[in-house]
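Engineer: I am attaching a structure below and will ask some questions about it afterwards.
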Amino acid sequence: AQTSPSRPPLTGISHIAVYAADPAASQHYYVDIVGCEKAPDPENPQGARYYINSTQFVEVLPLADKSSPDRLDHLAYKTTNAEELRQYLKAKGVEVPATVHRVSDGSRWFDVKDPEGNTVQFVQPPAHPHAVNAPNLVGHHIIHVGMLVHSREKEDTFYRAILDFKPYWFGGMKPGKIDWVSEQTPESHDWLEYMLTSGPSGGGIQDISQKQLGVLNHFSIGVVSMSKTFDTLKAANRLSSPNDHTQIGRDGKWQLNLFDPD
């Protein structure tokens, strides 16, 4: 009997790819405020990568559709073997490309669509990734990414049933309501956060603005001390707004929300 291919490990978040109307303004934000190291983008020569560590980064791409409020291109996750994962997803009925891309930094990757049409990329990092020189970073690991989700049940048929993401946490602005659902990648502590369109707490989101989408579609850098992080950024004039402040989320984690130019 022919056996189905097994899923290779998914070892966490690779990157988030976003569009920028003004690449120079984005460079200022990701280098001078966040503290990333800028590098060329081997996937798209018109883009740029802003590294958090040697295998995690923000990919910034030129904005093509100025009429859309959406600035998210895709989310990406790391795997130990891109070709094996492509074969696994194909066996599970997911539409996959005919081949895996190989790029100049030694990484391999391919894209698929999740049940709601979001582009999801899987990346096999290079065997010898370059060391990142970013002394001004206050955190060195992307711990989670978030995206707008219309149906938790629909998305679970892909992330939970096929990719084996694990339940981590869920909650809402009000007791008994669910606005956010966190799904942990199977072989790491990194997680994906469903930002449900029912929120806040069932009120619904209509005519979503660019700013609202920027709240829903996001990434998070983990830090050891939020108070120390805030003091460091404020002292160096590295906050994105005079109104930036720390707050504690419903999941018990301290957070500081900054907004890039888009």
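To be explicit about the labels: the chains of the structure tokens are called A, B, and onward in the order shown, and within each one the residues are counted from 1, while ligands get numbers from 1 in the order they are shown.
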So that I can check the surroundings of Ile208 (chain A), please list as a ChimeraX atom specification every protein, DNA and RNA residue that reaches within 12 Å of it, counting only C-alpha atoms and ignoring chain neighbours fewer than 6 positions away.

Structural biologist: /A:68-70,148,197,199,214-217

Engineer: Produce a file of the selected residues containing all heavy atoms, as a PDB file, in the first residue's frame.

Structural biologist:
ATOM      1  N   SER A  68      -6.406  50.053  -2.253  1.00  0.00           N
ATOM      2  CA  SER A  68      -6.753  49.092  -1.202  1.00  0.00           C
ATOM      3  C   SER A  68      -6.191  49.526   0.138  1.00  0.00           C
ATOM      4  O   SER A  68      -5.051  49.992   0.221  1.00  0.00           O
ATOM      5  CB  SER A  68      -6.202  47.707  -1.566  1.00  0.00           C
ATOM      6  OG  SER A  68      -6.369  46.807  -0.472  1.00  0.00           O
ATOM      7  N   PRO A  69      -6.967  49.345   1.225  1.00  0.00           N
ATOM      8  CA  PRO A  69      -6.439  49.661   2.559  1.00  0.00           C
ATOM      9  C   PRO A  69      -5.527  48.557   3.104  1.00  0.00           C
ATOM     10  O   PRO A  69      -4.871  48.752   4.132  1.00  0.00           O
ATOM     11  CB  PRO A  69      -7.706  49.779   3.408  1.00  0.00           C
ATOM     12  CG  PRO A  69      -8.671  48.842   2.755  1.00  0.00           C
ATOM     13  CD  PRO A  69      -8.383  48.933   1.271  1.00  0.00           C
ATOM     14  N   ASP A  70      -5.467  47.415   2.422  1.00  0.00           N
ATOM     15  CA  ASP A  70      -4.714  46.260   2.926  1.00  0.00           C
ATOM     16  C   ASP A  70      -3.228  46.421   2.644  1.00  0.00           C
ATOM     17  O   ASP A  70      -2.824  46.673   1.509  1.00  0.00           O
ATOM     18  CB  ASP A  70      -5.241  44.983   2.268  1.00  0.00           C
ATOM     19  CG  ASP A  70      -4.760  43.723   2.985  1.00  0.00           C
ATOM     20  OD1 ASP A  70      -4.016  43.850   3.977  1.00  0.00           O
ATOM     21  OD2 ASP A  70      -5.129  42.621   2.546  1.00  0.00           O
ATOM     22  N   LEU A 148      -6.385  39.206   9.995  1.00  0.00           N
ATOM     23  CA  LEU A 148      -7.843  39.229   9.954  1.00  0.00           C
ATOM     24  C   LEU A 148      -8.371  37.857   9.548  1.00  0.00           C
ATOM     25  O   LEU A 148      -7.915  37.278   8.564  1.00  0.00           O
ATOM     26  CB  LEU A 148      -8.317  40.292   8.960  1.00  0.00           C
ATOM     27  CG  LEU A 148      -9.798  40.516   8.767  1.00  0.00           C
ATOM     28  CD1 LEU A 148     -10.044  41.941   8.303  1.00  0.00           C
ATOM     29  CD2 LEU A 148     -10.398  39.567   7.738  1.00  0.00           C
ATOM     30  N   THR A 197     -13.334  38.958  12.845  1.00  0.00           N
ATOM     31  CA  THR A 197     -14.104  40.131  12.437  1.00  0.00           C
ATOM     32  C   THR A 197     -15.363  40.322  13.262  1.00  0.00           C
ATOM     33  O   THR A 197     -16.115  41.261  13.036  1.00  0.00           O
ATOM     34  CB  THR A 197     -14.493  40.038  10.951  1.00  0.00           C
ATOM     35  OG1 THR A 197     -15.180  38.803  10.725  1.00  0.00           O
ATOM     36  CG2 THR A 197     -13.280  40.114  10.066  1.00  0.00           C
ATOM     37  N   GLY A 199     -15.211  41.086  16.338  1.00  0.00           N
ATOM     38  CA  GLY A 199     -14.841  41.965  17.449  1.00  0.00           C
ATOM     39  C   GLY A 199     -14.973  43.454  17.133  1.00  0.00           C
ATOM     40  O   GLY A 199     -15.210  43.844  16.008  1.00  0.00           O
ATOM     41  N   GLY A 214      -4.264  47.527  10.071  1.00  0.00           N
ATOM     42  CA  GLY A 214      -2.934  47.537  10.649  1.00  0.00           C
ATOM     43  C   GLY A 214      -2.903  46.999  12.069  1.00  0.00           C
ATOM     44  O   GLY A 214      -1.869  46.537  12.544  1.00  0.00           O
ATOM     45  N   VAL A 215      -4.041  47.089  12.766  1.00  0.00           N
ATOM     46  CA  VAL A 215      -4.160  46.485  14.094  1.00  0.00           C
ATOM     47  C   VAL A 215      -4.320  44.970  13.958  1.00  0.00           C
ATOM     48  O   VAL A 215      -3.699  44.193  14.676  1.00  0.00           O
ATOM     49  CB  VAL A 215      -5.359  47.089  14.857  1.00  0.00           C
ATOM     50  CG1 VAL A 215      -5.591  46.338  16.164  1.00  0.00           C
ATOM     51  CG2 VAL A 215      -5.131  48.567  15.124  1.00  0.00           C
ATOM     52  N   LEU A 216      -5.172  44.556  13.018  1.00  0.00           N
ATOM     53  CA  LEU A 216      -5.456  43.130  12.856  1.00  0.00           C
ATOM     54  C   LEU A 216      -4.263  42.381  12.262  1.00  0.00           C
ATOM     55  O   LEU A 216      -3.889  41.301  12.743  1.00  0.00           O
ATOM     56  CB  LEU A 216      -6.687  42.940  11.970  1.00  0.00           C
ATOM     57  CG  LEU A 216      -7.981  43.631  12.435  1.00  0.00           C
ATOM     58  CD1 LEU A 216      -9.111  43.362  11.446  1.00  0.00           C
ATOM     59  CD2 LEU A 216      -8.380  43.190  13.828  1.00  0.00           C
ATOM     60  N   ASN A 217      -3.677  42.924  11.198  1.00  0.00           N
ATOM     61  CA  ASN A 217      -2.544  42.281  10.525  1.00  0.00           C
ATOM     62  C   ASN A 217      -1.255  42.827  11.141  1.00  0.00           C
ATOM     63  O   ASN A 217      -0.856  43.954  10.846  1.00  0.00           O
ATOM     64  CB  ASN A 217      -2.584  42.567   9.021  1.00  0.00           C
ATOM     65  CG  ASN A 217      -3.845  42.034   8.365  1.00  0.00           C
ATOM     66  OD1 ASN A 217      -4.392  41.010   8.766  1.00  0.00           O
ATOM     67  ND2 ASN A 217      -4.330  42.731   7.347  1.00  0.00           N
TER      68      ASN A 217
END

Engineer: Could I get the residues of region 46-144 of chain A with an atom no further than 7 Å from an atom of region 3-22 of chain A, each paired with its nearest atom pair and that distance in Å to one decimal, using only C-alpha atoms, sorted by chain and residue number, as CSV?

Structural biologist:
residue,atom,partner,partner_atom,distance
A:Thr55,CA,A:Ser14,CA,6.3
A:Gln56,CA,A:Ser14,CA,4.9
A:Phe57,CA,A:His15,CA,5.0
A:Val58,CA,A:Ile16,CA,5.2
A:Glu59,CA,A:Ala17,CA,4.4
A:Val60,CA,A:Val18,CA,5.1
A:Leu61,CA,A:Tyr19,CA,4.7
A:Pro62,CA,A:Ala20,CA,5.3
A:Leu63,CA,A:Tyr19,CA,4.9
A:Arg71,CA,A:Tyr19,CA,4.9
A:Leu72,CA,A:Val18,CA,4.6
A:Asp73,CA,A:Val18,CA,5.2
A:His74,CA,A:Ala17,CA,5.2
A:Leu75,CA,A:Ile16,CA,4.7
A:Ala76,CA,A:His15,CA,5.2
A:Tyr77,CA,A:Ile13,CA,4.4
A:Lys78,CA,A:Ser14,CA,5.1
A:Thr79,CA,A:Leu10,CA,4.5
A:Thr80,CA,A:Pro9,CA,5.9
A:Asn81,CA,A:Pro8,CA,6.2
A:Glu84,CA,A:Pro8,CA,6.5
A:Leu85,CA,A:Arg7,CA,5.9
A:Gln87,CA,A:Pro5,CA,6.8
A:Tyr88,CA,A:Pro5,CA,5.2
A:Ala91,CA,A:Ser4,CA,6.7
A:Val123,CA,A:Ser14,CA,6.8
A:Ile142,CA,A:Ile13,CA,7.0

Engineer: Do a neighbour search on region 96-99 of chain A at 7 Å with only C-alpha atoms, toss out local chain neighbours closer than 6 positions, and write the hits as JSON, numbers by chain.

Structural biologist: {"A": [86, 90, 112]}

Engineer: To test your reading of the structure, identify every residue in region 85-187 of chain A that backbone DSSP assigns to strand (DSSP E or B), and report it as a ChimeraX atom specification.

Structural biologist: /A:101-102,108-113,119-124,142-149,166-171,180-184

Engineer: Please dump the current selection as a short mmCIF file (atom, residue, chain, number, x, y, z; two decimals), in the first residue's frame; keep N, CA, C and O atoms.

Structural biologist:
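Contents of selection_0.cif, as written:
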data_model
loop_
_atom_site.label_atom_id
_atom_site.label_comp_id
_atom_site.auth_asym_id
_atom_site.auth_seq_id
_atom_site.Cartn_x
_atom_site.Cartn_y
_atom_site.Cartn_z
N HIS A 101 10.74 27.16 -4.95
CA HIS A 101 11.70 28.18 -5.38
C HIS A 101 12.98 28.07 -4.57
O HIS A 101 12.95 27.78 -3.37
N ARG A 102 14.11 28.34 -5.24
CA ARG A 102 15.40 28.43 -4.55
C ARG A 102 15.97 29.81 -4.85
O ARG A 102 16.01 30.24 -6.00
N ARG A 108 14.77 28.01 0.53
CA ARG A 108 13.79 27.43 -0.40
C ARG A 108 12.41 27.76 0.12
O ARG A 108 12.18 27.73 1.33
N TRP A 109 11.48 28.05 -0.80
CA TRP A 109 10.16 28.46 -0.35
C TRP A 109 9.11 28.19 -1.40
O TRP A 109 9.41 28.02 -2.57
N PHE A 110 7.85 28.17 -0.95
CA PHE A 110 6.69 28.10 -1.85
C PHE A 110 5.49 28.72 -1.16
O PHE A 110 5.46 28.85 0.06
N ASP A 111 4.51 29.12 -1.97
CA ASP A 111 3.29 29.74 -1.48
C ASP A 111 2.09 28.83 -1.69
O ASP A 111 2.03 28.08 -2.66
N VAL A 112 1.12 28.95 -0.78
CA VAL A 112 -0.21 28.37 -0.98
C VAL A 112 -1.23 29.40 -0.51
O VAL A 112 -0.87 30.45 0.01
N LYS A 113 -2.50 29.08 -0.68
CA LYS A 113 -3.58 29.90 -0.16
C LYS A 113 -4.28 29.15 0.97
O LYS A 113 -4.53 27.95 0.86
N THR A 119 -2.44 34.49 1.38
CA THR A 119 -1.22 33.84 0.93
C THR A 119 -0.39 33.41 2.13
O THR A 119 -0.13 34.21 3.04
N VAL A 120 -0.01 32.14 2.14
CA VAL A 120 0.81 31.58 3.21
C VAL A 120 2.08 31.04 2.57
O VAL A 120 2.03 30.28 1.61
N GLN A 121 3.21 31.45 3.09
CA GLN A 121 4.49 31.00 2.53
C GLN A 121 5.20 30.11 3.55
O GLN A 121 5.14 30.34 4.75
N PHE A 122 5.86 29.08 3.01
CA PHE A 122 6.66 28.19 3.84
C PHE A 122 8.11 28.29 3.37
O PHE A 122 8.38 28.19 2.18
N VAL A 123 9.00 28.48 4.33
CA VAL A 123 10.40 28.76 4.03
C VAL A 123 11.30 27.75 4.72
O VAL A 123 11.17 27.52 5.92
N GLN A 124 12.19 27.17 3.93
CA GLN A 124 13.28 26.37 4.49
C GLN A 124 14.49 27.29 4.56
O GLN A 124 15.06 27.66 3.53
N ILE A 142 10.55 37.15 16.73
CA ILE A 142 9.13 37.36 16.41
C ILE A 142 8.36 36.21 17.05
O ILE A 142 8.50 35.05 16.65
N ILE A 143 7.57 36.53 18.07
CA ILE A 143 6.88 35.48 18.82
C ILE A 143 5.51 35.15 18.24
O ILE A 143 5.01 34.05 18.43
N HIS A 144 4.88 36.14 17.57
CA HIS A 144 3.62 35.81 16.91
C HIS A 144 3.31 36.78 15.79
O HIS A 144 3.87 37.87 15.70
N VAL A 145 2.40 36.33 14.91
CA VAL A 145 1.84 37.16 13.85
C VAL A 145 0.33 37.08 13.96
O VAL A 145 -0.22 36.08 14.42
N GLY A 146 -0.35 38.14 13.53
CA GLY A 146 -1.81 38.16 13.56
C GLY A 146 -2.37 38.56 12.22
O GLY A 146 -1.72 39.29 11.46
N MET A 147 -3.57 38.07 11.92
CA MET A 147 -4.21 38.45 10.67
C MET A 147 -5.72 38.41 10.82
O MET A 147 -6.27 37.69 11.65
N LEU A 148 -6.38 39.21 10.00
CA LEU A 148 -7.84 39.23 9.95
C LEU A 148 -8.37 37.86 9.55
O LEU A 148 -7.92 37.28 8.56
N VAL A 149 -9.32 37.34 10.31
CA VAL A 149 -9.95 36.05 10.01
C VAL A 149 -11.46 36.22 10.11
O VAL A 149 -11.98 36.79 11.08
N LYS A 166 -1.52 24.08 17.21
CA LYS A 166 -2.09 23.65 18.48
C LYS A 166 -2.83 24.80 19.16
O LYS A 166 -2.41 25.95 19.08
N PRO A 167 -3.93 24.50 19.85
CA PRO A 167 -4.64 25.56 20.58
C PRO A 167 -3.76 26.13 21.68
O PRO A 167 -3.13 25.39 22.43
N TYR A 168 -3.70 27.46 21.77
CA TYR A 168 -2.83 28.11 22.74
C TYR A 168 -3.64 28.98 23.71
O TYR A 168 -3.54 28.82 24.92
N TRP A 169 -4.45 29.89 23.16
CA TRP A 169 -5.23 30.79 23.99
C TRP A 169 -6.33 31.41 23.15
O TRP A 169 -6.18 31.56 21.94
N PHE A 170 -7.46 31.74 23.77
CA PHE A 170 -8.46 32.55 23.09
C PHE A 170 -9.16 33.43 24.11
O PHE A 170 -9.20 33.10 25.30
N GLY A 171 -9.70 34.55 23.64
CA GLY A 171 -10.39 35.44 24.55
C GLY A 171 -11.03 36.60 23.81
O GLY A 171 -11.02 36.65 22.58
N TRP A 180 -10.18 36.96 19.72
CA TRP A 180 -8.83 36.55 19.33
C TRP A 180 -8.61 35.08 19.65
O TRP A 180 -8.97 34.60 20.73
N VAL A 181 -8.02 34.36 18.70
CA VAL A 181 -7.71 32.94 18.90
C VAL A 181 -6.26 32.71 18.51
O VAL A 181 -5.87 33.00 17.37
N SER A 182 -5.48 32.20 19.44
CA SER A 182 -4.06 31.95 19.18
C SER A 182 -3.82 30.47 18.92
O SER A 182 -4.26 29.62 19.69
N GLU A 183 -3.13 30.20 17.80
CA GLU A 183 -2.82 28.83 17.38
C GLU A 183 -1.29 28.70 17.30
O GLU A 183 -0.65 29.41 16.52
N GLN A 184 -0.73 27.81 18.09
CA GLN A 184 0.72 27.68 18.17
C GLN A 184 1.26 26.76 17.08
O GLN A 184 0.68 25.72 16.79
#

Engineer: Any chance you could list, as a PyMOL selection string, the residues in region 13-243 of chain A that come up alpha helix (DSSP H) when DSSP is run on the backbone?

Structural biologist: chain A and resi 23-27+82-91+152-159+210-216+226-235

Engineer: Just write the chosen residues, C-alpha atoms, as a PDB file, in the first residue's frame.

Structural biologist:
ATOM      1  CA  PRO A  23      10.049  52.797   1.116  1.00  0.00           C
ATOM      2  CA  ALA A  24      12.260  55.509   2.651  1.00  0.00           C
ATOM      3  CA  ALA A  25       9.759  56.112   5.451  1.00  0.00           C
ATOM      4  CA  SER A  26       9.558  52.363   6.060  1.00  0.00           C
ATOM      5  CA  GLN A  27      13.334  52.133   6.213  1.00  0.00           C
ATOM      6  CA  ALA A  82      10.171  22.754   1.879  1.00  0.00           C
ATOM      7  CA  GLU A  83       9.875  20.027  -0.760  1.00  0.00           C
ATOM      8  CA  GLU A  84       8.618  17.441   1.729  1.00  0.00           C
ATOM      9  CA  LEU A  85       6.066  19.944   3.015  1.00  0.00           C
ATOM     10  CA  ARG A  86       4.941  20.720  -0.540  1.00  0.00           C
ATOM     11  CA  GLN A  87       4.386  17.000  -1.153  1.00  0.00           C
ATOM     12  CA  TYR A  88       2.563  16.629   2.165  1.00  0.00           C
ATOM     13  CA  LEU A  89       0.174  19.496   1.423  1.00  0.00           C
ATOM     14  CA  LYS A  90      -0.455  18.165  -2.075  1.00  0.00           C
ATOM     15  CA  ALA A  91      -1.407  14.778  -0.601  1.00  0.00           C
ATOM     16  CA  ARG A 152     -12.338  30.407  12.892  1.00  0.00           C
ATOM     17  CA  GLU A 153     -13.864  27.075  11.859  1.00  0.00           C
ATOM     18  CA  LYS A 154     -12.931  27.508   8.192  1.00  0.00           C
ATOM     19  CA  GLU A 155      -9.341  28.463   8.938  1.00  0.00           C
ATOM     20  CA  ASP A 156      -9.003  25.578  11.410  1.00  0.00           C
ATOM     21  CA  THR A 157      -9.503  23.107   8.536  1.00  0.00           C
ATOM     22  CA  PHE A 158      -6.088  24.235   7.293  1.00  0.00           C
ATOM     23  CA  TYR A 159      -4.048  25.414  10.267  1.00  0.00           C
ATOM     24  CA  GLN A 210      -6.277  50.961   6.769  1.00  0.00           C
ATOM     25  CA  LYS A 211      -5.559  51.679  10.457  1.00  0.00           C
ATOM     26  CA  GLN A 212      -7.930  48.922  11.628  1.00  0.00           C
ATOM     27  CA  LEU A 213      -6.293  46.446   9.256  1.00  0.00           C
ATOM     28  CA  GLY A 214      -2.934  47.537  10.649  1.00  0.00           C
ATOM     29  CA  VAL A 215      -4.160  46.485  14.094  1.00  0.00           C
ATOM     30  CA  LEU A 216      -5.456  43.130  12.856  1.00  0.00           C
ATOM     31  CA  MET A 226       8.277  45.784  28.815  1.00  0.00           C
ATOM     32  CA  SER A 227       8.990  48.679  31.188  1.00  0.00           C
ATOM     33  CA  LYS A 228      12.687  48.631  30.308  1.00  0.00           C
ATOM     34  CA  THR A 229      11.840  48.396  26.599  1.00  0.00           C
ATOM     35  CA  PHE A 230       9.516  51.387  26.778  1.00  0.00           C
ATOM     36  CA  ASP A 231      12.048  53.460  28.720  1.00  0.00           C
ATOM     37  CA  THR A 232      14.795  52.586  26.218  1.00  0.00           C
ATOM     38  CA  LEU A 233      12.680  53.538  23.188  1.00  0.00           C
ATOM     39  CA  LYS A 234      11.357  56.733  24.778  1.00  0.00           C
ATOM     40  CA  ALA A 235      14.810  57.910  25.859  1.00  0.00           C
TER      41      ALA A 235
END

Engineer: Using only C-alpha atoms, which protein or nucleic acid residues come within 8 Å of region 126-128 of chain A? Drop anything in the same chain fewer than 5 positions from it, and give the result as a ChimeraX atom specification.

Structural biologist: /A:105-108

Engineer: Got a sec: who's within 12 Å of His140 (chain A), counting only C-alpha atoms, leaving out chain neighbours fewer than 4 positions off, as a compact mmCIF listing (two decimals) with all heavy atoms, in the first residue's frame?

Structural biologist:
# COMPACT_ATOMS: atom_id res chain seq x y z
N VAL A 34 12.57 50.58 15.13
CA VAL A 34 12.55 49.19 15.61
C VAL A 34 13.97 48.69 15.87
O VAL A 34 14.22 47.96 16.83
CB VAL A 34 11.81 48.28 14.60
CG1 VAL A 34 11.79 46.84 15.09
CG2 VAL A 34 10.38 48.78 14.38
N GLY A 35 14.93 49.08 15.00
CA GLY A 35 16.32 48.68 15.21
C GLY A 35 16.78 47.50 14.36
O GLY A 35 17.82 46.90 14.64
N CYS A 36 16.02 47.16 13.31
CA CYS A 36 16.36 46.01 12.46
C CYS A 36 17.59 46.30 11.59
O CYS A 36 17.98 47.45 11.39
CB CYS A 36 15.20 45.67 11.53
SG CYS A 36 13.65 45.28 12.36
N GLU A 37 18.17 45.22 11.07
CA GLU A 37 19.21 45.35 10.05
C GLU A 37 18.56 45.22 8.68
O GLU A 37 17.84 44.26 8.41
CB GLU A 37 20.26 44.26 10.21
CG GLU A 37 21.34 44.32 9.13
CD GLU A 37 22.29 43.12 9.15
OE1 GLU A 37 21.88 42.03 9.59
OE2 GLU A 37 23.43 43.28 8.72
N TYR A 51 15.79 42.53 9.24
CA TYR A 51 16.01 41.33 10.03
C TYR A 51 15.87 41.59 11.53
O TYR A 51 16.42 42.56 12.08
CB TYR A 51 17.40 40.75 9.75
CG TYR A 51 17.45 39.91 8.49
CD1 TYR A 51 17.72 40.50 7.25
CD2 TYR A 51 17.19 38.55 8.52
CE1 TYR A 51 17.75 39.74 6.09
CE2 TYR A 51 17.22 37.78 7.37
CZ TYR A 51 17.49 38.37 6.15
OH TYR A 51 17.52 37.62 5.01
N ILE A 52 15.16 40.66 12.20
CA ILE A 52 15.06 40.61 13.66
C ILE A 52 16.12 39.66 14.20
O ILE A 52 16.72 39.88 15.24
CB ILE A 52 13.65 40.13 14.10
CG1 ILE A 52 12.55 40.96 13.42
CG2 ILE A 52 13.52 40.16 15.62
CD1 ILE A 52 12.52 42.40 13.81
N ASN A 53 16.31 38.55 13.51
CA ASN A 53 17.39 37.61 13.78
C ASN A 53 17.76 36.95 12.46
O ASN A 53 17.24 37.33 11.40
CB ASN A 53 17.02 36.59 14.88
CG ASN A 53 15.80 35.76 14.51
OD1 ASN A 53 15.72 35.15 13.44
ND2 ASN A 53 14.81 35.73 15.40
N SER A 54 18.63 35.96 12.47
CA SER A 54 19.16 35.43 11.21
C SER A 54 18.13 34.72 10.35
O SER A 54 18.33 34.55 9.15
CB SER A 54 20.34 34.49 11.49
OG SER A 54 19.92 33.39 12.29
N THR A 55 16.99 34.29 10.93
CA THR A 55 15.97 33.59 10.14
C THR A 55 14.58 34.20 10.26
O THR A 55 13.60 33.63 9.79
CB THR A 55 15.89 32.09 10.53
OG1 THR A 55 15.54 31.98 11.93
CG2 THR A 55 17.20 31.38 10.27
N GLN A 56 14.46 35.39 10.89
CA GLN A 56 13.18 36.07 11.01
C GLN A 56 13.33 37.53 10.58
O GLN A 56 14.29 38.20 10.97
CB GLN A 56 12.64 36.02 12.44
CG GLN A 56 12.19 34.65 12.89
CD GLN A 56 11.55 34.72 14.27
OE1 GLN A 56 12.05 35.37 15.18
NE2 GLN A 56 10.40 34.07 14.42
N PHE A 57 12.37 38.00 9.80
CA PHE A 57 12.49 39.34 9.25
C PHE A 57 11.12 39.88 8.84
O PHE A 57 10.13 39.15 8.78
CB PHE A 57 13.44 39.35 8.05
CG PHE A 57 13.09 38.35 6.96
CD1 PHE A 57 12.24 38.70 5.92
CD2 PHE A 57 13.61 37.06 7.00
CE1 PHE A 57 11.91 37.78 4.94
CE2 PHE A 57 13.28 36.13 6.00
CZ PHE A 57 12.44 36.49 4.97
N VAL A 132 23.14 38.52 12.10
CA VAL A 132 22.49 39.83 12.05
C VAL A 132 23.22 40.81 12.97
O VAL A 132 23.49 40.51 14.14
CB VAL A 132 21.00 39.71 12.46
CG1 VAL A 132 20.37 41.08 12.62
CG2 VAL A 132 20.25 38.90 11.42
N ASN A 133 23.50 41.97 12.43
CA ASN A 133 24.14 43.04 13.20
C ASN A 133 23.11 44.13 13.46
O ASN A 133 22.91 45.02 12.63
CB ASN A 133 25.34 43.59 12.43
CG ASN A 133 26.05 44.70 13.19
OD1 ASN A 133 25.93 44.80 14.41
ND2 ASN A 133 26.75 45.56 12.48
N ALA A 134 22.43 44.04 14.58
CA ALA A 134 21.35 44.98 14.90
C ALA A 134 21.40 45.30 16.40
O ALA A 134 20.54 44.86 17.17
CB ALA A 134 20.00 44.40 14.51
N PRO A 135 22.39 46.07 16.83
CA PRO A 135 22.57 46.31 18.26
C PRO A 135 21.46 47.12 18.91
O PRO A 135 21.33 47.11 20.15
CB PRO A 135 23.90 47.08 18.31
CG PRO A 135 24.03 47.71 16.96
CD PRO A 135 23.42 46.74 16.01
N ASN A 136 20.64 47.82 18.12
CA ASN A 136 19.59 48.65 18.70
C ASN A 136 18.25 47.94 18.86
O ASN A 136 17.29 48.55 19.33
CB ASN A 136 19.41 49.91 17.86
CG ASN A 136 20.59 50.85 17.96
OD1 ASN A 136 21.23 50.93 19.01
ND2 ASN A 136 20.91 51.54 16.89
N SER A 220 4.64 40.57 16.28
CA SER A 220 5.01 40.90 17.65
C SER A 220 6.43 40.43 17.95
O SER A 220 6.77 39.27 17.71
CB SER A 220 4.03 40.24 18.63
OG SER A 220 4.45 40.45 19.97
N ILE A 221 7.24 41.33 18.48
CA ILE A 221 8.60 41.00 18.92
C ILE A 221 8.57 40.81 20.44
O ILE A 221 8.10 41.68 21.17
CB ILE A 221 9.59 42.12 18.56
CG1 ILE A 221 9.62 42.33 17.04
CG2 ILE A 221 10.99 41.81 19.09
CD1 ILE A 221 10.45 43.54 16.61
N GLY A 222 9.05 39.67 20.89
CA GLY A 222 9.09 39.41 22.32
C GLY A 222 10.24 40.14 22.99
O GLY A 222 11.32 40.25 22.44
N VAL A 223 9.97 40.66 24.20
CA VAL A 223 11.02 41.32 24.99
C VAL A 223 10.99 40.77 26.41
O VAL A 223 9.99 40.22 26.86
CB VAL A 223 10.84 42.86 25.02
CG1 VAL A 223 10.96 43.44 23.62
CG2 VAL A 223 9.51 43.26 25.65
N VAL A 224 12.11 40.93 27.10
CA VAL A 224 12.22 40.41 28.47
C VAL A 224 11.47 41.31 29.46
O VAL A 224 10.76 40.83 30.33
CB VAL A 224 13.71 40.28 28.87
CG1 VAL A 224 13.83 39.87 30.34
CG2 VAL A 224 14.40 39.26 27.97

Engineer: Using only C-alpha atoms, which of A:Thr185, A:Asn257, A:Thr246, A:Ser225 sits nearest Leu163 (chain A)?

Structural biologist: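 Of all the options, A:Thr185 lies closest to Leu163 (chain A).
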
Engineer: Expressed in Å to a single decimal, how great is the separation between CA of Leu196 (chain A) and CA of Arg160 (chain A)?

Structural biologist: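 Straight-line distance from CA of Leu196 (chain A) to CA of Arg160 (chain A) works out to 16.3 Å.
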
Engineer: Have a look at A:Val138, A:Ser67, A:Asp244, A:Ser104 and name the one nearest to Ser209 (chain A); count only C-alpha atoms.

Structural biologist: A:Ser67

Engineer: What is the distance between CA of Pro125 (chain A) and CA of Gly47 (chain A), in Å to one decimal?

Structural biologist: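 If I compute the distance from CA of Pro125 (chain A) to CA of Gly47 (chain A), I get 18.5 Å.
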
Engineer: Could you work out how far CA of His141 (chain A) lies from CA of Leu239 (chain A), giving the answer in Å with one decimal?

Structural biologist: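 These two atoms are separated by 19.2 Å.
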
Engineer: Of the residues A:Gly139, A:Gly93, A:Met173, A:Tyr194, which is the one nearest to Glu116 (chain A), using only C-alpha atoms?

Structural biologist: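 Closest residue, counting only C-alpha atoms: A:Tyr194.
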